[in-house]
file entry_23.pdb (PDB, C-alpha atoms)
ATOM      1  CA  PRO A 194      98.619 125.709  76.178
ATOM      2  CA  ALA A 195      95.429 123.748  75.589
ATOM      3  CA  VAL A 196      94.184 120.615  77.325
ATOM      4  CA  LEU A 197      93.628 117.905  74.717
ATOM      5  CA  PRO A 198      92.477 114.289  75.116
ATOM      6  CA  ALA A 199      95.391 111.993  74.315
ATOM      7  CA  ALA A 200      96.629 108.522  75.130
ATOM      8  CA  GLU A 201      99.650 106.362  74.443
ATOM      9  CA  VAL A 202      98.804 103.315  72.334
ATOM     10  CA  SER A 203     100.745 100.550  70.633
ATOM     11  CA  ALA A 204     101.021  99.877  66.923
ATOM     12  CA  SER A 205      98.389  97.134  67.215
ATOM     13  CA  PHE A 206      95.749  99.674  68.312
ATOM     14  CA  PHE A 207      94.758 100.581  64.753
ATOM     15  CA  LYS A 208      94.909  96.960  63.596
ATOM     16  CA  VAL A 209      92.528  95.828  66.331
ATOM     17  CA  PHE A 210      89.948  98.441  65.336
ATOM     18  CA  ARG A 211      90.686  98.077  61.612
ATOM     19  CA  SER A 212      91.214 101.787  61.178
ATOM     20  CA  THR A 213      93.350 103.320  58.427
ATOM     21  CA  PRO A 214      94.419 106.986  58.608
ATOM     22  CA  VAL A 215      92.918 109.218  55.906
ATOM     23  CA  LEU A 216      96.282 110.927  55.595
ATOM     24  CA  GLY A 217      99.737 109.606  56.356
ATOM     25  CA  ARG A 218     100.044 106.292  58.109
ATOM     26  CA  ALA A 219      99.464 104.448  61.372
ATOM     27  CA  MET A 220     102.181 103.401  63.808
ATOM     28  CA  VAL A 221     104.439 100.460  63.020
ATOM     29  CA  GLU A 222     105.767  97.845  65.456
ATOM     30  CA  ASP A 223     109.210  99.437  65.512
ATOM     31  CA  GLU A 224     107.674 102.558  67.038
ATOM     32  CA  ASN A 225     106.527 100.658  70.133
ATOM     33  CA  GLU A 226     110.044 101.013  71.515
ATOM     34  CA  PRO A 227     110.347 103.862  74.054
ATOM     35  CA  ALA A 228     113.247 105.446  72.172
ATOM     36  CA  LYS A 229     111.120 105.681  69.014
ATOM     37  CA  ALA A 230     107.751 106.382  70.633
ATOM     38  CA  ASN A 231     107.699 110.002  69.463
ATOM     39  CA  VAL A 232     105.047 109.875  66.758
ATOM     40  CA  ALA A 233     101.396 110.931  66.836
ATOM     41  CA  VAL A 234      98.208 110.267  64.887
ATOM     42  CA  LEU A 235      95.778 113.170  65.177
ATOM     43  CA  GLY A 236      92.057 112.674  65.580
ATOM     44  CA  HIS A 237      90.045 113.980  62.639
ATOM     45  CA  GLY A 238      88.170 116.531  64.741
ATOM     46  CA  LEU A 239      91.343 117.856  66.327
ATOM     47  CA  TRP A 240      92.983 118.125  62.923
ATOM     48  CA  GLN A 241      90.057 120.208  61.675
ATOM     49  CA  THR A 242      89.652 122.516  64.686
ATOM     50  CA  ARG A 243      93.238 123.035  65.806
ATOM     51  CA  PHE A 244      95.115 122.728  62.525
ATOM     52  CA  GLY A 245      92.501 123.926  60.056
ATOM     53  CA  GLY A 246      92.438 120.627  58.208
ATOM     54  CA  ASP A 247      95.859 121.406  56.746
ATOM     55  CA  PRO A 248      97.284 118.203  55.153
ATOM     56  CA  ALA A 249     100.767 119.680  55.511
ATOM     57  CA  ILE A 250     100.606 118.996  59.240
ATOM     58  CA  VAL A 251     101.621 115.398  58.475
ATOM     59  CA  GLY A 252     105.358 115.237  58.930
ATOM     60  CA  GLN A 253     105.422 118.313  61.173
ATOM     61  CA  LYS A 254     106.396 118.314  64.835
ATOM     62  CA  ILE A 255     103.999 119.276  67.620
ATOM     63  CA  THR A 256     104.508 119.584  71.372
ATOM     64  CA  LEU A 257     102.421 117.426  73.693
ATOM     65  CA  ASP A 258     103.055 117.442  77.418
ATOM     66  CA  SER A 259     106.420 119.174  76.886
ATOM     67  CA  ARG A 260     107.528 116.479  74.423
ATOM     68  CA  LEU A 261     108.038 116.770  70.684
ATOM     69  CA  PHE A 262     106.054 114.390  68.482
ATOM     70  CA  THR A 263     106.056 113.978  64.719
ATOM     71  CA  VAL A 264     102.569 113.842  63.225
ATOM     72  CA  ILE A 265     102.492 110.734  61.032
ATOM     73  CA  GLY A 266      98.794 110.478  60.243
ATOM     74  CA  ILE A 267      95.208 111.703  60.558
ATOM     75  CA  ALA A 268      92.545 109.333  61.872
ATOM     76  CA  PRO A 269      89.373 108.919  59.784
ATOM     77  CA  ARG A 270      86.255 110.950  60.524
ATOM     78  CA  GLY A 271      84.155 109.370  63.273
ATOM     79  CA  PHE A 272      87.072 107.470  64.797
ATOM     80  CA  ALA A 273      86.909 108.774  68.377
ATOM     81  CA  PHE A 274      90.062 107.925  70.288
ATOM     82  CA  LEU A 275      88.514 108.648  73.672
ATOM     83  CA  TRP A 276      85.451 106.452  73.173
ATOM     84  CA  THR A 277      87.557 103.689  71.685
ATOM     85  CA  LEU A 278      89.909 103.778  74.654
ATOM     86  CA  LEU A 279      86.938 103.738  77.026
ATOM     87  CA  LEU A 280      85.587 100.704  75.190
ATOM     88  CA  VAL A 281      88.924  98.947  75.581
ATOM     89  CA  ALA A 282      88.942  99.837  79.282
ATOM     90  CA  PHE A 283      85.398  98.540  79.800
ATOM     91  CA  LEU A 284      86.183  95.321  77.940
ATOM     92  CA  ALA A 285      89.252  94.800  80.107
ATOM     93  CA  LEU A 286      87.189  95.518  83.225
ATOM     94  CA  GLY A 287      84.559  93.054  82.073
ATOM     95  CA  VAL A 288      87.163  90.336  81.583
ATOM     96  CA  THR A 289      88.605  91.057  85.030
ATOM     97  CA  ILE A 290      85.183  90.912  86.699
ATOM     98  CA  GLY A 291      84.356  87.714  84.812
ATOM     99  CA  VAL A 292      87.580  86.063  85.957
ATOM    100  CA  GLU A 293      86.973  87.149  89.554
ATOM    101  CA  MET A 294      83.390  85.827  89.477
ATOM    102  CA  GLN A 295      84.565  82.520  88.046
ATOM    103  CA  ALA A 296      87.246  82.243  90.736
ATOM    104  CA  THR A 297      84.672  82.989  93.450
ATOM    105  CA  LEU A 298      82.245  80.385  92.116
ATOM    106  CA  ALA A 299      85.045  77.824  91.884
ATOM    107  CA  GLN A 300      86.102  78.446  95.487
ATOM    108  CA  ARG A 301      82.497  78.192  96.718
ATOM    109  CA  GLU A 302      82.216  74.814  95.005
ATOM    110  CA  ARG A 303      85.514  73.630  96.549
ATOM    111  CA  GLU A 304      84.326  74.745  99.978
ATOM    112  CA  ARG A 305      81.060  72.816  99.550
ATOM    113  CA  GLU A 306      83.058  69.747  98.556
ATOM    114  CA  LEU A 307      85.369  70.179 101.544
ATOM    115  CA  LEU A 308      82.404  70.343 103.924
ATOM    116  CA  SER A 309      80.983  67.142 102.433
ATOM    117  CA  ILE A 310      84.309  65.310 102.598
ATOM    118  CA  GLY A 311      85.148  66.599 106.077
ATOM    119  CA  ARG A 312      81.797  65.424 107.408
ATOM    120  CA  GLN A 313      82.404  61.991 105.895
ATOM    121  CA  PHE A 314      85.773  61.829 107.653
ATOM    122  CA  ARG A 315      84.211  62.869 110.961
ATOM    123  CA  ALA A 316      81.395  60.342 110.642
ATOM    124  CA  ALA A 317      83.875  57.572 109.725
ATOM    125  CA  ILE A 318      86.086  58.395 112.727
ATOM    126  CA  ALA A 319      82.990  58.282 114.956
ATOM    127  CA  ARG A 320      81.969  54.869 113.621
ATOM    128  CA  TYR A 321      85.490  53.528 114.064
ATOM    129  CA  HIS A 322      85.613  54.903 117.618
ATOM    130  CA  ASP A 323      82.284  53.342 118.584
ATOM    131  CA  ALA A 324      82.792  49.998 116.834
ATOM    132  CA  PRO A 325      83.871  46.911 118.827
ATOM    133  CA  SER A 326      87.628  46.714 119.348
ATOM    134  CA  ALA A 327      90.064  44.046 120.471
ATOM    135  CA  THR A 328      90.436  45.734 123.847
ATOM    136  CA  GLY A 329      86.726  46.231 124.313
ATOM    137  CA  GLN A 330      87.343  49.961 124.777
ATOM    138  CA  PRO A 331      86.473  52.733 122.343
ATOM    139  CA  GLU A 332      89.513  53.902 120.409
ATOM    140  CA  PHE A 333      90.348  56.276 117.601
ATOM    141  CA  PRO A 334      92.134  55.137 114.429
ATOM    142  CA  ALA A 335      95.930  55.261 114.290
ATOM    143  CA  THR A 336      95.919  56.214 110.586
ATOM    144  CA  LEU A 337      93.352  57.357 108.061
ATOM    145  CA  ASP A 338      93.838  54.063 106.224
ATOM    146  CA  ASP A 339      92.370  52.311 109.293
ATOM    147  CA  LEU A 340      89.036  53.829 108.304
ATOM    148  CA  LEU A 341      89.110  51.949 104.989
ATOM    149  CA  LEU A 342      89.347  48.499 106.549
ATOM    150  CA  ASP A 343      88.642  47.818 110.228
ATOM    151  CA  THR A 344      89.301  44.198 111.282
ATOM    152  CA  ARG A 345      89.622  44.728 115.034
ATOM    153  CA  SER A 346      86.581  42.583 115.861
ATOM    154  CA  GLY A 347      87.433  39.862 113.341
ATOM    155  CA  ALA A 348      84.791  41.090 110.895
ATOM    156  CA  ALA A 349      85.873  43.498 108.193
ATOM    157  CA  ARG A 350      84.221  46.903 108.335
ATOM    158  CA  ARG A 351      84.585  49.840 105.931
ATOM    159  CA  HIS A 352      83.980  53.164 107.613
ATOM    160  CA  LEU A 353      85.192  55.235 104.636
ATOM    161  CA  ARG A 354      85.314  54.496 100.891
ATOM    162  CA  LYS A 355      88.698  56.136 100.343
ATOM    163  CA  VAL A 356      91.088  58.744 101.712
ATOM    164  CA  PHE A 357      89.837  61.765  99.815
ATOM    165  CA  VAL A 358      91.846  64.473  98.112
ATOM    166  CA  ASP A 359      91.548  67.855  99.791
ATOM    167  CA  PRO A 360      89.607  69.936  97.218
ATOM    168  CA  MET A 361      91.221  73.139  98.505
ATOM    169  CA  THR A 362      94.814  71.992  97.938
ATOM    170  CA  GLY A 363      94.370  69.222  95.369
ATOM    171  CA  ARG A 364      96.405  66.808  97.522
ATOM    172  CA  ALA A 365      95.483  63.781  99.613
ATOM    173  CA  GLU A 366      97.203  65.390 102.582
ATOM    174  CA  TRP A 367      95.296  66.484 105.678
ATOM    175  CA  GLY A 368      96.008  68.198 108.938
ATOM    176  CA  LEU A 369      95.342  65.719 111.730
ATOM    177  CA  VAL A 370      93.754  66.306 115.118
ATOM    178  CA  ARG A 371      95.352  63.836 117.508
ATOM    179  CA  ILE A 372      94.567  62.544 120.926
ATOM    180  CA  GLY A 373      97.800  60.914 121.963
ATOM    181  CA  ASP A 374      98.946  58.970 118.922
ATOM    182  CA  ARG A 375      95.407  58.490 117.601
ATOM    183  CA  ILE A 376      93.420  60.534 115.060
ATOM    184  CA  ALA A 377      90.267  62.268 116.275
ATOM    185  CA  GLY A 378      89.740  64.595 113.313
ATOM    186  CA  VAL A 379      91.040  66.204 110.148
ATOM    187  CA  HIS A 380      91.246  69.653 108.615
ATOM    188  CA  SER A 381      92.396  71.152 105.323
ATOM    189  CA  LEU A 382      95.930  72.480 105.027
ATOM    190  CA  SER A 383      94.733  75.460 102.969
ATOM    191  CA  GLU A 384      95.431  78.912 104.397
ATOM    192  CA  ARG A 385      92.887  80.542 102.064
ATOM    193  CA  GLU A 386      90.175  82.682 103.651
ATOM    194  CA  PRO A 387      86.799  80.957 103.253
ATOM    195  CA  ILE A 388      83.970  82.681 101.418
ATOM    196  CA  LYS A 389      81.364  80.848 103.482
ATOM    197  CA  GLN A 390      81.138  82.463 106.906
ATOM    198  CA  ASP A 391      77.781  81.272 108.239
ATOM    199  CA  GLY A 392      75.010  78.735 107.750
ATOM    200  CA  PHE A 393      76.911  75.648 108.924
ATOM    201  CA  ASP A 394      75.428  72.517 110.509
ATOM    202  CA  ALA A 395      74.374  72.718 114.144
ATOM    203  CA  ASP A 396      77.329  70.564 115.233
ATOM    204  CA  GLU A 397      79.803  72.960 113.527
ATOM    205  CA  PRO A 398      79.504  76.177 115.581
ATOM    206  CA  GLY A 399      83.268  76.670 115.493
ATOM    207  CA  PHE A 400      83.262  77.140 111.717
ATOM    208  CA  ARG A 401      81.491  80.479 111.774
ATOM    209  CA  GLY A 402      83.551  83.570 110.986
ATOM    210  CA  ARG A 403      86.868  81.766 110.511
ATOM    211  CA  ARG A 404      89.715  83.484 108.681
ATOM    212  CA  LYS A 405      91.292  80.316 107.260
ATOM    213  CA  VAL A 406      89.817  77.191 105.723
ATOM    214  CA  SER A 407      92.287  75.202 107.838
ATOM    215  CA  GLU A 408      90.307  76.313 110.898
ATOM    216  CA  TRP A 409      87.342  74.193 109.798
ATOM    217  CA  VAL A 410      88.169  71.182 111.984
ATOM    218  CA  PHE A 411      86.168  67.993 111.442
ATOM    219  CA  ALA A 412      86.692  66.149 114.715
ATOM    220  CA  TYR A 413      84.722  63.596 116.699
ATOM    221  CA  THR A 414      84.436  64.436 120.370
ATOM    222  CA  GLY A 415      82.768  61.252 121.550
ATOM    223  CA  ARG A 416      79.275  62.770 121.602
ATOM    224  CA  PRO A 417      76.465  60.857 119.862
ATOM    225  CA  GLN A 418      76.361  61.346 116.112
ATOM    226  CA  SER A 419      73.672  63.416 114.484
ATOM    227  CA  PRO A 420      71.164  61.528 112.293
ATOM    228  CA  GLN A 421      72.823  63.015 109.208
ATOM    229  CA  ALA A 422      76.252  61.707 110.230
ATOM    230  CA  ALA A 423      74.889  58.293 111.134
ATOM    231  CA  SER A 424      73.201  57.938 107.766
ATOM    232  CA  ALA A 425      76.455  58.732 105.962
ATOM    233  CA  ALA A 426      77.947  55.309 106.623
ATOM    234  CA  PRO A 427      79.182  53.619 103.411
ATOM    235  CA  PRO A 428      77.856  50.177 102.588
ATOM    236  CA  ASN A 429      80.037  47.200 103.523
TER     237      ASN A 429
END
call {"tool": "encode", "arguments": {"input": "entry_23.pdb", "output": "structure tokens"}}
result
Amino acid sequence: PAVLPAAEVSASFFKVFRSTPVLGRAMVEDENEPAKANVAVLGHGLWQTRFGGDPAIVGQKITLDSRLFTVIGIAPRGFAFLWTLLLVAFLALGVTIGVEMQATLAQRERERELLSIGRQFRAAIARYHDAPSATGQPEFPATLDDLLLDTRSGAARRHLRKVFVDPMTGRAEWGLVRIGDRIAGVHSLSEREPIKQDGFDADEPGFRGRRKVSEWVFAYTGRPQSPQAASAAPPN
């Protein structure tokens, strides 16, 4: 027995590479079915070296890997099955890598958007907490909508432009951090592992090395706001 390069291909293989056998024919669609997948097209070099270039080999049966195949054609000179298959494999690999890179870039962008939105939520909750209230005591909002219009002091205040959509889930639904029945912070509901693992703001030490995006919690603890957070207030 001899070791020969071979591969199983579909009938479209020769159409894709626009190759026509110099003898016999190529596969037809009907021969893609497992029960009829017992035909072979010989490479030109193999036909010359192993079968002496005998045109009568077309229509004969040969044994490959303990299976009988009927030779239906001879590939043209210079048509290298192995290199063609490698090209197909590399093209497929390139498409896969391209898709993975695109997915990674898209997730990085969504994470950047989440950080921006989360910080806006945290800054808005801080402003609501520190703004004058009817009781004269600092208090957190009861709902996220309270951040859009705050009338506790008689004067309307907007601490947030809108309740944002979570860029990680595509929904305007957020996990809420509560103190009693009041909201002190938000977080994404996504269970995806974040790509960003370091390089967060100084007031976000708990974000580093997290395994889930939902563990990035944007909460106000009552400490003074950073200058960046203070400057994020939307205009009235």
call {"tool": "resolve_selection", "arguments": {"input": "entry_23.pdb", "expression": "the PyMOL selection byres ((chain A and resi 335-352) around 8)", "output": "list of chain:residue names"}}
result
A:Ala317, A:Ile318, A:Arg320, A:Tyr321, A:Pro325, A:Ser326, A:Ala327, A:Phe333, A:Pro334, A:Leu353, A:Arg354, A:Lys355, A:Val356, A:Asp374, A:Arg375, A:Ile376, A:Ala426, A:Pro427, A:Pro428, A:Asn429
call {"tool": "atom_distance", "arguments": {"input": "entry_23.pdb", "atom1": "CA of Ala395 in chain A", "atom2": "CA of Ser407 in chain A"}}
result
19.2 Å
call {"tool": "closest_residue", "arguments": {"input": "entry_23.pdb", "among": "A:Arg364, A:Arg312, A:His322, A:Arg211", "to": "Asp394 in chain A", "atoms": "all atoms listed in the file"}}
result
A:Arg312
call {"tool": "closest_residue", "arguments": {"input": "entry_23.pdb", "among": "A:Thr414, A:His380, A:Gly266, A:Gly238", "to": "Met220 in chain A", "atoms": "all atoms listed in the file"}}
result
A:Gly266
call {"tool": "atom_distance", "arguments": {"input": "entry_23.pdb", "atom1": "CA of Gly368 in chain A", "atom2": "CA of Ser381 in chain A"}}
result
5.9 Å
call {"tool": "closest_residue", "arguments": {"input": "entry_23.pdb", "among": "A:Arg243, A:Arg403, A:Glu332, A:Met361", "to": "Gly373 in chain A", "atoms": "only C-alpha atoms"}}
result
A:Glu332
call {"tool": "closest_residue", "arguments": {"input": "entry_23.pdb", "among": "A:Leu298, A:Leu216, A:Val221, A:Leu308", "to": "Val251 in chain A", "atoms": "only C-alpha atoms"}}
result
A:Leu216
call {"tool": "resolve_selection", "arguments": {"input": "entry_23.pdb", "expression": "the PyMOL selection byres ((chain A and resi 378) around 9)", "output": "PyMOL selection string"}}
result
chain A and resi 311+314-315+318+368-371+376-377+379-380+410-414
